[in-house]
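What's in structure_33.cif: mmCIF, C-alpha atoms and all ligand atoms
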```cif
data_query
#
loop_
_atom_site.label_atom_id
_atom_site.label_comp_id
_atom_site.auth_asym_id
_atom_site.auth_seq_id
_atom_site.Cartn_x
_atom_site.Cartn_y
_atom_site.Cartn_z
CA MET A 1 34.27 74.04 85.30
CA LYS A 2 35.17 74.11 88.98
CA ARG A 3 37.91 76.48 90.09
CA ILE A 4 40.57 74.64 92.05
CA GLY A 5 43.66 75.57 94.09
CA VAL A 6 46.57 73.21 94.78
CA VAL A 7 48.40 73.28 98.13
CA GLY A 8 52.02 72.02 98.43
CA ILE A 9 53.94 72.35 95.17
CA GLY A 10 56.45 69.51 95.37
CA LYS A 11 57.13 66.36 93.36
CA ILE A 12 53.63 64.93 93.04
CA ALA A 13 52.00 68.32 92.38
CA ARG A 14 54.45 68.99 89.53
CA ASP A 15 54.55 65.42 88.14
CA GLN A 16 50.80 64.77 88.22
CA HIS A 17 48.30 67.26 89.67
CA ILE A 18 49.31 70.36 87.70
CA PRO A 19 49.69 68.70 84.26
CA VAL A 20 46.43 66.77 84.73
CA LEU A 21 44.54 69.88 85.92
CA ARG A 22 45.86 71.93 82.97
CA ARG A 23 44.17 69.41 80.63
CA SER A 24 41.08 68.76 82.73
CA ALA A 25 37.63 69.35 81.26
CA ASP A 26 36.21 69.56 84.79
CA PHE A 27 38.62 71.83 86.68
CA GLU A 28 40.36 75.14 86.07
CA LEU A 29 43.66 75.46 87.96
CA ALA A 30 43.22 78.93 89.44
CA ALA A 31 45.67 79.16 92.36
CA CYS A 32 48.50 77.50 94.24
CA ALA A 33 49.80 77.74 97.78
CA SER A 34 53.36 76.77 98.64
CA ARG A 35 55.96 78.32 100.91
CA ASN A 36 58.87 78.01 98.50
CA ALA A 37 57.41 77.39 95.04
CA GLU A 38 55.22 79.10 92.46
CA VAL A 39 53.28 77.88 89.44
CA GLU A 40 53.20 79.90 86.24
CA GLY A 41 49.96 81.51 85.10
CA VAL A 42 47.95 81.20 88.32
CA ALA A 43 47.57 83.23 91.52
CA ASN A 44 50.32 82.17 93.94
CA PHE A 45 50.25 82.34 97.74
CA THR A 46 52.58 81.09 100.47
CA THR A 47 49.86 79.55 102.66
CA ALA A 48 46.53 77.81 102.11
CA GLU A 49 44.83 80.42 104.29
CA ALA A 50 46.17 83.28 102.16
CA MET A 51 44.97 81.42 99.05
CA LEU A 52 41.47 80.95 100.49
CA ASP A 53 41.38 84.66 101.52
CA GLY A 54 42.79 85.85 98.19
CA CYS A 55 40.64 83.61 95.95
CA PRO A 56 37.26 83.33 97.69
CA ASP A 57 35.68 82.01 94.48
CA LEU A 58 37.63 78.71 94.54
CA ASP A 59 35.27 75.71 94.52
CA ALA A 60 37.83 73.11 95.57
CA ILE A 61 41.36 72.51 96.79
CA ALA A 62 43.78 69.61 96.32
CA ILE A 63 46.16 68.99 99.22
CA CYS A 64 49.57 67.69 98.07
CA THR A 65 51.67 68.45 101.15
CA PRO A 66 53.13 65.64 103.28
CA PRO A 67 50.54 63.91 105.51
CA GLN A 68 51.57 65.72 108.71
CA ALA A 69 50.21 68.95 107.19
CA HIS A 70 46.90 67.64 105.77
CA PHE A 71 44.47 67.96 108.67
CA GLU A 72 44.69 71.70 109.38
CA THR A 73 44.54 72.61 105.69
CA ALA A 74 41.58 70.33 104.98
CA ARG A 75 39.73 71.52 108.09
CA LEU A 76 40.17 75.15 107.09
CA ALA A 77 39.07 74.52 103.50
CA LEU A 78 35.93 72.60 104.54
CA ALA A 79 35.09 75.39 107.00
CA ARG A 80 35.31 77.84 104.07
CA GLY A 81 32.89 75.69 102.06
CA LYS A 82 35.42 74.12 99.64
CA HIS A 83 35.44 70.59 98.27
CA VAL A 84 38.68 68.84 99.28
CA LEU A 85 40.87 66.26 97.56
CA LEU A 86 43.49 64.66 99.82
CA GLU A 87 46.70 63.00 98.61
CA LYS A 88 47.66 59.72 100.31
CA PRO A 89 48.49 58.97 103.11
CA PRO A 90 45.40 60.95 104.10
CA CYS A 91 46.49 62.45 107.45
CA ALA A 92 48.93 61.91 110.31
CA THR A 93 46.43 59.87 112.40
CA ALA A 94 43.26 57.84 111.83
CA THR A 95 41.28 60.08 114.21
CA GLU A 96 42.14 63.11 112.09
CA LEU A 97 40.72 61.34 109.05
CA ASP A 98 37.50 60.42 110.91
CA ARG A 99 37.09 64.04 111.95
CA LEU A 100 37.60 65.33 108.40
CA ALA A 101 34.92 62.92 107.17
CA GLU A 102 32.54 64.33 109.82
CA LEU A 103 33.42 67.91 108.92
CA GLY A 104 32.83 67.19 105.23
CA ARG A 105 29.39 65.77 105.99
CA ALA A 106 28.52 68.69 108.28
CA ALA A 107 29.64 71.22 105.65
CA GLY A 108 27.81 69.40 102.84
CA ARG A 109 31.04 69.36 100.81
CA THR A 110 32.90 66.55 99.03
CA LEU A 111 35.89 65.02 100.78
CA TYR A 112 37.75 62.77 98.35
CA GLN A 113 40.51 60.83 100.06
CA THR A 114 42.45 59.42 97.13
CA TRP A 115 44.33 56.14 96.59
CA HIS A 116 46.00 56.75 93.24
CA SER A 117 47.30 53.16 92.83
CA ARG A 118 43.73 51.85 92.70
CA HIS A 119 43.44 53.61 89.31
CA ALA A 120 46.44 51.78 87.82
CA ALA A 121 45.63 50.00 84.56
CA GLY A 122 45.52 46.38 85.84
CA VAL A 123 43.66 46.84 89.13
CA ALA A 124 39.99 46.76 88.03
CA ALA A 125 40.51 43.54 86.02
CA ALA A 126 42.38 41.95 88.95
CA ARG A 127 39.48 42.74 91.25
CA ARG A 128 36.95 41.22 88.81
CA TRP A 129 39.02 38.05 88.36
CA LEU A 130 39.54 37.55 92.09
CA SER A 131 35.93 38.24 93.05
CA SER A 132 34.87 34.66 92.23
CA ARG A 133 38.03 32.80 93.32
CA LYS A 134 39.19 31.22 96.54
CA LEU A 135 42.52 32.55 97.81
CA ARG A 136 45.46 30.32 98.76
CA CYS A 137 48.15 32.90 99.59
CA VAL A 138 49.33 36.37 98.64
CA ARG A 139 52.82 37.88 98.44
CA VAL A 140 53.58 41.59 98.11
CA THR A 141 57.07 42.80 97.15
CA TRP A 142 57.31 46.60 97.25
CA LYS A 143 60.99 47.53 97.11
CA GLU A 144 62.34 50.82 95.80
CA ASP A 145 65.38 53.08 96.13
CA VAL A 146 64.41 55.93 98.43
CA ARG A 147 67.28 58.06 97.09
CA GLN A 148 65.82 57.84 93.58
CA TRP A 149 62.10 58.31 94.37
CA HIS A 150 62.14 60.56 97.46
CA PRO A 151 65.25 62.74 97.14
CA GLY A 152 65.58 65.33 99.90
CA GLN A 153 62.21 64.47 101.48
CA ALA A 154 63.17 64.89 105.14
CA TRP A 155 59.49 64.68 106.19
CA ILE A 156 59.30 61.00 105.21
CA TRP A 157 61.79 60.12 108.01
CA GLN A 158 60.06 62.21 110.66
CA ALA A 159 57.29 61.05 113.01
CA GLY A 160 54.07 60.96 110.99
CA GLY A 161 56.01 60.65 107.71
CA PHE A 162 55.45 56.85 107.59
CA GLY A 163 58.88 56.00 106.08
CA VAL A 164 58.61 52.98 103.78
CA PHE A 165 54.84 52.88 104.38
CA ASP A 166 54.59 56.00 102.20
CA PRO A 167 54.92 53.75 99.11
CA GLY A 168 53.84 50.60 101.01
CA ILE A 169 50.37 52.04 101.64
CA ASN A 170 49.90 52.04 97.85
CA ALA A 171 50.23 48.24 97.87
CA ILE A 172 47.78 48.01 100.77
CA SER A 173 45.34 50.28 98.93
CA ILE A 174 45.42 47.83 95.99
CA LEU A 175 45.05 44.76 98.26
CA THR A 176 42.00 46.23 100.01
CA GLU A 177 40.51 46.95 96.57
CA ILE A 178 41.12 43.58 94.88
CA LEU A 179 40.92 40.91 97.61
CA PRO A 180 37.42 39.57 98.13
CA GLN A 181 37.79 39.29 101.94
CA PRO A 182 38.92 41.60 104.74
CA PHE A 183 42.33 40.95 106.26
CA PHE A 184 44.22 41.93 109.40
CA VAL A 185 47.79 42.58 110.54
CA ARG A 186 49.05 39.55 112.48
CA GLU A 187 52.76 40.41 112.83
CA ALA A 188 55.12 43.15 111.72
CA ASP A 189 58.84 43.84 111.90
CA LEU A 190 59.74 47.49 111.46
CA HIS A 191 63.36 48.36 110.64
CA ILE A 192 64.12 51.92 111.72
CA PRO A 193 67.44 53.69 111.03
CA SER A 194 69.07 54.85 114.27
CA ASN A 195 68.86 58.52 113.15
CA CYS A 196 65.22 58.41 111.92
CA LYS A 197 61.73 58.14 113.38
CA SER A 198 60.16 56.09 110.57
CA PRO A 199 60.95 52.66 109.11
CA ILE A 200 63.23 52.13 106.12
CA ALA A 201 61.86 48.58 105.72
CA ALA A 202 58.94 46.55 107.05
CA ASP A 203 57.97 42.87 106.88
CA ILE A 204 54.30 42.33 107.58
CA VAL A 205 52.19 39.22 107.93
CA PHE A 206 48.51 39.84 107.25
CA ALA A 207 45.83 37.14 107.35
CA THR A 208 42.16 36.82 106.46
CA GLU A 209 39.62 35.53 108.98
CA ASP A 210 39.94 32.01 107.57
CA GLY A 211 43.71 32.08 107.88
CA ILE A 212 44.82 32.90 104.33
CA ARG A 213 48.24 34.44 104.69
CA ILE A 214 49.41 37.64 103.00
CA ASP A 215 53.15 38.34 103.30
CA ALA A 216 54.37 41.84 102.48
CA ALA A 217 57.97 42.99 102.20
CA PHE A 218 58.47 46.76 101.93
CA ASP A 219 62.01 48.08 101.52
CA PHE A 220 63.44 51.50 100.70
CA ARG A 221 67.01 50.16 100.28
CA GLN A 222 66.49 48.52 96.90
CA THR A 223 69.07 49.34 94.26
CA GLY A 224 68.98 47.90 90.73
CA THR A 225 65.62 46.43 89.73
CA GLN A 226 62.72 48.08 91.49
CA SER A 227 59.72 45.93 92.51
CA TRP A 228 56.11 46.89 93.01
CA ASP A 229 54.51 43.43 92.64
CA ILE A 230 51.53 41.55 94.06
CA ASP A 231 51.26 37.77 93.52
CA VAL A 232 48.02 36.02 94.38
CA GLU A 233 47.64 32.23 94.30
CA THR A 234 44.09 30.95 94.15
CA GLU A 235 42.56 27.49 93.87
CA ALA A 236 41.86 28.32 90.22
CA GLY A 237 45.04 29.94 88.98
CA ALA A 238 47.58 32.61 89.81
CA LEU A 239 47.53 36.36 89.30
CA ARG A 240 50.45 38.80 89.14
CA LEU A 241 50.01 42.58 89.29
CA SER A 242 53.32 44.31 88.59
CA ASP A 243 54.66 47.85 88.15
CA GLY A 244 52.44 49.16 90.95
CA GLY A 245 49.25 47.70 89.48
CA ASP A 246 49.92 48.78 85.89
CA LYS A 247 50.42 45.30 84.39
CA LEU A 248 48.30 42.20 84.99
CA MET A 249 49.19 38.58 84.18
CA ILE A 250 46.93 35.62 84.86
CA ASP A 251 48.48 32.15 84.76
CA GLY A 252 51.45 33.64 82.94
CA THR A 253 49.38 35.30 80.21
CA SER A 254 49.27 39.10 79.91
CA VAL A 255 45.75 40.43 80.49
CA ALA A 256 46.59 44.12 80.90
CA PRO A 257 49.92 45.06 79.27
CA GLY A 258 50.19 48.42 81.07
CA SER A 259 49.28 51.96 80.13
CA SER A 260 51.53 54.20 78.04
CA ASP A 261 49.91 57.32 79.60
CA PRO A 262 51.95 58.47 82.63
CA HIS A 263 48.92 60.41 83.90
CA VAL A 264 46.34 57.62 83.72
CA GLU A 265 45.90 57.34 87.52
CA TYR A 266 45.58 61.06 88.24
CA ALA A 267 43.34 61.75 85.23
CA ALA A 268 40.98 59.12 86.70
CA ILE A 269 41.27 60.71 90.16
CA TYR A 270 40.16 64.13 88.87
CA ARG A 271 37.29 62.61 86.85
CA ARG A 272 36.14 60.88 90.02
CA PHE A 273 36.49 64.08 92.07
CA ALA A 274 34.27 65.91 89.55
CA GLU A 275 31.67 63.08 89.67
CA LEU A 276 31.63 63.10 93.48
CA ILE A 277 31.14 66.89 93.59
CA ALA A 278 28.33 66.67 91.01
CA ALA A 279 26.63 63.89 93.00
CA GLY A 280 27.10 65.69 96.35
CA ARG A 281 29.02 62.69 97.76
CA SER A 282 32.32 61.98 99.51
CA ASP A 283 34.72 59.03 99.17
CA VAL A 284 36.75 58.17 102.25
CA ASP A 285 38.08 54.62 102.63
CA GLY A 286 40.34 54.53 105.66
CA ARG A 287 41.12 50.78 105.52
CA PRO A 288 44.66 51.03 104.08
CA PHE A 289 45.50 53.76 106.59
CA ARG A 290 44.16 51.73 109.54
CA LEU A 291 46.18 48.67 108.46
CA VAL A 292 49.33 50.79 108.45
CA GLY A 293 48.41 52.06 111.91
CA ASP A 294 47.89 48.44 113.02
CA ALA A 295 51.40 47.53 111.78
CA PHE A 296 52.74 50.30 114.01
CA PHE A 297 50.57 49.01 116.92
CA VAL A 298 51.86 45.42 116.84
CA GLY A 299 55.19 45.88 115.06
CA ARG A 300 58.47 44.82 116.63
CA ARG A 301 60.99 47.65 116.28
CA HIS A 302 64.53 46.91 115.13
CA VAL A 303 67.20 49.60 114.99
CA THR A 304 69.24 49.55 111.76
CA ALA A 305 72.16 51.51 110.28
CA PRO A 306 71.65 55.29 110.13
CA PHE A 307 70.23 56.61 106.87
CA VAL A 308 72.49 59.10 105.12
CA GLU A 309 71.20 60.55 101.87
P1 LIG B 1 57.51 66.77 98.28
O1 LIG B 1 58.23 66.70 96.96
O2 LIG B 1 58.31 66.92 99.52
O3 LIG B 1 56.47 67.96 98.13
C1 LIG B 1 55.58 68.34 99.16
C2 LIG B 1 55.56 69.86 99.24
O4 LIG B 1 54.68 70.24 100.32
C3 LIG B 1 56.91 70.45 99.60
O5 LIG B 1 57.66 70.74 98.44
C4 LIG B 1 56.56 71.71 100.39
O6 LIG B 1 56.51 72.83 99.52
C5 LIG B 1 55.13 71.46 100.89
N1 LIG B 1 55.04 71.36 102.35
C6 LIG B 1 54.09 71.91 103.13
N2 LIG B 1 54.24 71.60 104.41
C7 LIG B 1 55.33 70.82 104.47
C8 LIG B 1 56.00 70.18 105.54
N3 LIG B 1 55.56 70.27 106.80
N4 LIG B 1 57.09 69.46 105.25
C9 LIG B 1 57.54 69.34 103.99
N5 LIG B 1 56.93 69.94 102.92
C10 LIG B 1 55.84 70.66 103.17
O7 LIG B 1 56.59 65.49 98.48
P2 LIG B 1 55.76 64.70 97.36
O8 LIG B 1 56.55 63.57 96.83
O9 LIG B 1 55.17 65.65 96.39
O10 LIG B 1 54.65 64.03 98.29
C11 LIG B 1 53.60 64.78 98.86
C12 LIG B 1 52.44 63.85 99.15
O11 LIG B 1 52.04 63.23 97.93
C13 LIG B 1 52.82 62.71 100.10
O12 LIG B 1 51.74 62.47 100.98
C14 LIG B 1 53.06 61.53 99.17
O13 LIG B 1 52.78 60.28 99.76
C15 LIG B 1 52.07 61.82 98.06
N6 LIG B 1 52.45 61.19 96.79
C16 LIG B 1 53.71 61.32 96.29
C17 LIG B 1 54.05 60.65 95.11
C18 LIG B 1 55.42 60.78 94.47
O14 LIG B 1 55.69 60.11 93.47
N7 LIG B 1 56.31 61.63 94.97
C19 LIG B 1 53.12 59.85 94.45
C20 LIG B 1 51.84 59.78 94.96
C21 LIG B 1 51.52 60.45 96.13
P3 LIG B 1 56.86 74.29 100.11
O15 LIG B 1 58.14 74.15 100.87
O16 LIG B 1 56.95 75.14 98.89
O17 LIG B 1 55.71 74.65 101.00
#
```

For the file at hand, write its structure as structure tokens.
Amino acid sequence: MKRIGVVGIGKIARDQHIPVLRRSADFELAACASRNAEVEGVANFTTAEAMLDGCPDLDAIAICTPPQAHFETARLALARGKHVLLEKPPCATATELDRLAELGRAAGRTLYQTWHSRHAAGVAAARRWLSSRKLRCVRVTWKEDVRQWHPGQAWIWQAGGFGVFDPGINAISILTEILPQPFFVREADLHIPSNCKSPIAADIVFATEDGIRIDAAFDFRQTGTQSWDIDVETEAGALRLSDGGDKLMIDGTSVAPGSSDPHVEYAAIYRRFAELIAAGRSDVDGRPFRLVGDAFFVGRRHVTAPFVE
């Protein structure tokens, strides 16, 4: 069993990391670091540095703070010889992520930069089905109510918080996993509330090298039905991944009906982290993050109504 500490006790730490670690056969949750929160039954600290000083026998840390705070914590932990698991989005900038990968290699420690949506129940079968098919077009509809899913998360609206790309990058992480060809951002429209630094909605046109179009609509203003869907038309049938990758239909027939386990993605993440540590390897796939950066590079900015929670 590896001893692990969790940094940043907020929604995702409480919903996923802590319950999954409490049941893990590979990790013992030994410590937590958070400025305003504590976790029962473990050593608690207010900073990652204090946790690393106070628990020098930790083998690994999981970083669950917002992305703006990832780099310094990960750098410190690698310098202290710890294996590091990073929540998505991995950092505030792509250069930070490149540097962490270098530091992980230099330290001989595992850096696991996670994409939890890739572990959703329908994704592996979608990838297998698409691997031998020719694409016609792809449509992504990722629309959720920010007030329901991100209550009080001021960081998401700040520079480096990514706004609607915080969930949207999950869709891109699935696309980069299941589509058999690379693709690029061709156009983007970013809708930014007048009182925020990050977009509340984004419309993106991606395309493959041979011109197959991928249209993505991300929106944080969705009330009523929430949509986390990917539709792929191929020359030999159509595929629909819905509920964030949980359910898979092919030509209207259910292939993966969805998982009843709310922890399926994060249980898989921690199994993979344990395997990577045992094998002395890292897993860093920056493609989804670079595509988000590219949308910011080429995106047309539109000012929209102020966001008031
Ligand atoms: P959250 O509820 O705001 O929790 C993050 C925690 O990090 C905060 O409670 C805060 O705890 C700590 N923190 C440290 N530095 C911070 C800073 N500069 N600004 C704000 N908080 C800071 O956010 P979350 O939903 O758990 O998301 C955290 C990360 O997980 C994000 O990168 C997100 O994309 C990812 N994620 C979230 C979900 C989800 O469903 N929410 C799902 C998958 C992945 P203290 O104040 O106690 O330090």

Legend entry - Shell of 9 Å around ligand LIG 1 (chain B) (only C-alpha atoms and all ligand atoms), written as a PyMOL selection string: chain A and resi 7-16+33-38+46-47+63-70+86-91+115-117+149-156+161-162+165-167+169-170

Inset, instruction - Determine, counting only C-alpha atoms, which protein, DNA and RNA residues have an atom within 12 Å of an atom of A:Val264; residues of the same chain fewer than 6 positions away are not included. Present the result as a ChimeraX atom specification. - result: /A:16-17,19-20,116-122,245-246,258,270-271

Legend entry - Non-local contacts of A:Leu239 (7 Å; all atoms listed in the file; under 6 positions in same chain excluded) as a PyMOL selection string: chain A and resi 231-233+249-251

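All residues of protein, DNA or RNA that reach within 8 Å of A:Ala74, judged by all atoms listed in the file and not counting those fewer than 2 positions away in the chain, are Ile63, His70, Phe71, Glu72, Leu76, Ala77, Leu78, Val84, Leu86 and Leu100 of chain A.
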
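Compared by their closest atoms to A:Asp98, and using all atoms listed in the file, the residues A:Thr223, A:Thr253, A:Gln113, A:Ser131 rank with A:Gln113 nearest.
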
Legend entry - A:Arg272 environment, 12 Å, only C-alpha atoms, sequence neighbours closer than 2 positions dropped, as a ChimeraX atom specification: /A:24,26-27,85,110-116,119,265-270,274-279,281-283

Counting all atoms listed in the file, give me one row per residue of stretch 110-215 of chain A with an atom at most 8 Å from an atom of stretch 288-302 of chain A, showing the shortest contact pair and its distance in Å to one decimal, sorted by chain then residue number, as a Markdown table.
```
| residue | atom | partner | partner_atom | distance |
| --- | --- | --- | --- | --- |
| A:Phe165 | CA | A:Val292 | CA | 7.2 |
| A:Ile169 | CA | A:Pro288 | CA | 6.3 |
| A:Ile172 | CA | A:Pro288 | CA | 5.5 |
| A:Ser173 | CA | A:Pro288 | CA | 5.2 |
| A:Thr176 | CA | A:Pro288 | CA | 6.8 |
| A:Phe184 | CA | A:Leu291 | CA | 7.1 |
| A:Val185 | CA | A:Ala295 | CA | 6.3 |
| A:Arg186 | CA | A:Val298 | CA | 7.8 |
| A:Glu187 | CA | A:Gly299 | CA | 6.4 |
| A:Ala188 | CA | A:Gly299 | CA | 4.3 |
| A:Asp189 | CA | A:Arg300 | CA | 4.8 |
| A:Leu190 | CA | A:Arg301 | CA | 5.0 |
| A:His191 | CA | A:His302 | CA | 4.9 |
| A:Ile192 | CA | A:His302 | CA | 6.1 |
| A:Ile204 | CA | A:Ala295 | CA | 7.3 |
```

Would you put the residues from that selection into a file with C-alpha atoms, as a PDB file, in the frame of the given file?
```pdb
ATOM      1  CA  PHE A 165      54.840  52.880 104.380  1.00  0.00           C
ATOM      2  CA  ILE A 169      50.370  52.040 101.640  1.00  0.00           C
ATOM      3  CA  ILE A 172      47.780  48.010 100.770  1.00  0.00           C
ATOM      4  CA  SER A 173      45.340  50.280  98.930  1.00  0.00           C
ATOM      5  CA  THR A 176      42.000  46.230 100.010  1.00  0.00           C
ATOM      6  CA  PHE A 184      44.220  41.930 109.400  1.00  0.00           C
ATOM      7  CA  VAL A 185      47.790  42.580 110.540  1.00  0.00           C
ATOM      8  CA  ARG A 186      49.050  39.550 112.480  1.00  0.00           C
ATOM      9  CA  GLU A 187      52.760  40.410 112.830  1.00  0.00           C
ATOM     10  CA  ALA A 188      55.120  43.150 111.720  1.00  0.00           C
ATOM     11  CA  ASP A 189      58.840  43.840 111.900  1.00  0.00           C
ATOM     12  CA  LEU A 190      59.740  47.490 111.460  1.00  0.00           C
ATOM     13  CA  HIS A 191      63.360  48.360 110.640  1.00  0.00           C
ATOM     14  CA  ILE A 192      64.120  51.920 111.720  1.00  0.00           C
ATOM     15  CA  ILE A 204      54.300  42.330 107.580  1.00  0.00           C
TER      16      ILE A 204
END
```

Legend entry - Two-atom distance - atom CA of A:Glu235, atom CA of A:Pro182 (Å): 18.2 Å

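Each of A:Ser242, A:Gln226, A:Gln181, A:Thr141 was compared to A:Ile212 using only C-alpha atoms, and A:Gln181 turns out to be the nearest.
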
Inset, instruction - Figure out the distance between atom CA of A:Arg105 and atom CA of A:Gly280, please, to one decimal in Å. - result: 9.9 Å
